[in-house]
Amino acid sequence: MILVPEINIWTPPSEWPTWMFERIMRSVSVFPHGSMVPEDSAGVVTVSGESINDVAAGARLYRAALVFRTDGTVDKIENTTTTQIDSSTDWIIPNGDADSTYDVRYTSNVGDALHSSTSLSEDTWGAMSTDRFFEQRTNDIEQKTSTFTIEVRKDGGSVIDSASYTLNVERLL
């Protein structure tokens, strides 16, 4: 007599992006009886990358910023408008799994240094116990562009995910 383990096949909701399903499938263990159980209760960490711009003419503060929030969301600020980048690619899904055991850091790739209001020094890990701002700004007739990588880790471990972001501000004549 041959025993065949029960196989449970789970299908994600159709509105989920393919990459989310693939990451979930990579983060589970298959037990001898064939059921799939998550390795731990942590959410899926995902950072998507984005280009954030504030370009126009006239005398005012030009501001482009990226904000990793303690609630698990990621916002962009263009001029004075703050919007969530994309709820399907917040830094952690579900957002309720966000906590201060996660750390973020940034590393410059090319371009201008980030503005001094940025909440972390380059190549320094910061706990997600507070919102983390990465910002570029100018009042002058000039362009400032910064491209950098954001990395996320948990409990001081290895990097879980990373993505490249670009902040661009330009005051035109």
# chains A, B, ... in the order shown; residues from 1 in each chain; ligands from 1

$ residues_around --residues "Gly49 of chain A" --least-positions-apart "3" --cutoff "12 Å" --atoms "only C-alpha atoms" --output "PDB file with C-alpha atoms, in the first residue's frame"
ATOM      1  CA  THR A  46       8.576  44.632  -0.465  1.00  0.00           C
ATOM      2  CA  ILE A  52       9.608  61.442  -7.314  1.00  0.00           C
ATOM      3  CA  LEU A  66      10.175  59.562   0.186  1.00  0.00           C
ATOM      4  CA  PHE A  68       8.832  55.055   5.040  1.00  0.00           C
ATOM      5  CA  VAL A  74       5.407  54.341   1.825  1.00  0.00           C
ATOM      6  CA  ASP A  75       4.513  57.899   0.820  1.00  0.00           C
ATOM      7  CA  LYS A  76       5.909  60.338  -1.682  1.00  0.00           C
ATOM      8  CA  ILE A  85       3.001  55.390  -3.567  1.00  0.00           C
ATOM      9  CA  ASP A  86       1.091  52.118  -4.029  1.00  0.00           C
ATOM     10  CA  THR A  89       3.977  47.698  -2.615  1.00  0.00           C
ATOM     11  CA  ASP A  90       4.103  49.237   0.855  1.00  0.00           C
ATOM     12  CA  TRP A  91       7.292  48.281   2.639  1.00  0.00           C
ATOM     13  CA  THR A 147      19.381  58.312  -6.857  1.00  0.00           C
ATOM     14  CA  PHE A 148      19.800  55.961  -3.923  1.00  0.00           C
ATOM     15  CA  THR A 149      19.003  52.453  -2.724  1.00  0.00           C
ATOM     16  CA  ILE A 150      16.770  51.695   0.258  1.00  0.00           C
ATOM     17  CA  GLU A 151      17.325  48.388   2.050  1.00  0.00           C
ATOM     18  CA  ASP A 161      14.580  43.557   0.068  1.00  0.00           C
ATOM     19  CA  SER A 162      15.933  46.679  -1.612  1.00  0.00           C
ATOM     20  CA  ALA A 163      14.979  49.100  -4.372  1.00  0.00           C
ATOM     21  CA  SER A 164      16.301  52.195  -6.100  1.00  0.00           C
ATOM     22  CA  TYR A 165      14.586  55.577  -5.699  1.00  0.00           C
ATOM     23  CA  THR A 166      15.188  58.898  -7.479  1.00  0.00           C
ATOM     24  CA  LEU A 167      14.341  62.323  -6.072  1.00  0.00           C
TER      25      LEU A 167
END

$ select_by_dssp --residues "segment 24-154 of chain A" --states "strand (DSSP E)" --output "PyMOL selection string"
chain A and resi 28-30+36-38+44-45+50-57+62-68+74-78+81-84+92-93+102-111+126-127+132-138+143-154

$ residues_around --residues "Ala113 of chain A" --least-positions-apart "4" --cutoff "10 Å" --atoms "only C-alpha atoms" --output "PDB file with N, CA and C atoms, in the first residue's frame"
ATOM      1  N   SER A 108      23.682  56.087  -1.287  1.00  0.00           N
ATOM      2  CA  SER A 108      23.633  56.893  -2.514  1.00  0.00           C
ATOM      3  C   SER A 108      24.215  56.115  -3.676  1.00  0.00           C
ATOM      4  N   ASN A 109      23.569  56.242  -4.825  1.00  0.00           N
ATOM      5  CA  ASN A 109      24.067  55.613  -6.049  1.00  0.00           C
ATOM      6  C   ASN A 109      24.754  56.656  -6.928  1.00  0.00           C
ATOM      7  N   GLU A 122      23.800  58.444   5.660  1.00  0.00           N
ATOM      8  CA  GLU A 122      24.017  57.410   4.655  1.00  0.00           C
ATOM      9  C   GLU A 122      24.705  56.192   5.271  1.00  0.00           C
ATOM     10  N   GLU A 135      14.938  63.068   1.527  1.00  0.00           N
ATOM     11  CA  GLU A 135      14.428  64.285   0.899  1.00  0.00           C
ATOM     12  C   GLU A 135      15.471  65.012   0.062  1.00  0.00           C
ATOM     13  N   GLN A 136      14.952  65.657  -1.003  1.00  0.00           N
ATOM     14  CA  GLN A 136      15.725  66.599  -1.816  1.00  0.00           C
ATOM     15  C   GLN A 136      14.898  67.865  -1.925  1.00  0.00           C
ATOM     16  N   LYS A 144      18.482  69.484  -8.714  1.00  0.00           N
ATOM     17  CA  LYS A 144      19.158  68.540  -7.833  1.00  0.00           C
ATOM     18  C   LYS A 144      18.480  67.189  -8.007  1.00  0.00           C
ATOM     19  N   THR A 145      19.287  66.187  -8.297  1.00  0.00           N
ATOM     20  CA  THR A 145      18.772  64.834  -8.492  1.00  0.00           C
ATOM     21  C   THR A 145      19.609  63.871  -7.664  1.00  0.00           C
ATOM     22  N   SER A 146      18.930  63.023  -6.926  1.00  0.00           N
ATOM     23  CA  SER A 146      19.590  62.019  -6.091  1.00  0.00           C
ATOM     24  C   SER A 146      18.987  60.657  -6.382  1.00  0.00           C
ATOM     25  N   THR A 147      19.828  59.694  -6.693  1.00  0.00           N
ATOM     26  CA  THR A 147      19.381  58.312  -6.857  1.00  0.00           C
ATOM     27  C   THR A 147      20.065  57.494  -5.776  1.00  0.00           C
ATOM     28  N   PHE A 148      19.261  56.710  -5.059  1.00  0.00           N
ATOM     29  CA  PHE A 148      19.800  55.961  -3.923  1.00  0.00           C
ATOM     30  C   PHE A 148      19.036  54.652  -3.764  1.00  0.00           C
TER      31      PHE A 148
END

$ atom_distance --atom1 "atom CA of Thr124 of chain A" --atom2 "atom CA of Val67 of chain A"
16.2 Å

$ atom_distance --atom1 "atom CA of Asp131 of chain A" --atom2 "atom CA of Ser51 of chain A"
19.6 Å

$ closest_residue --among "A:Asp140, A:Asp71, A:Glu78, A:Asp155" --to "Glu170 of chain A" --atoms "only C-alpha atoms"
A:Asp140

$ closest_residue --among "A:Val55, A:Met128, A:Val159, A:Ala65" --to "Gln84 of chain A" --atoms "only C-alpha atoms"
A:Ala65

$ closest_residue --among "A:Ile92, A:Ala64, A:Asn53, A:Ala98" --to "Thr118 of chain A" --atoms "only C-alpha atoms"
A:Ala64
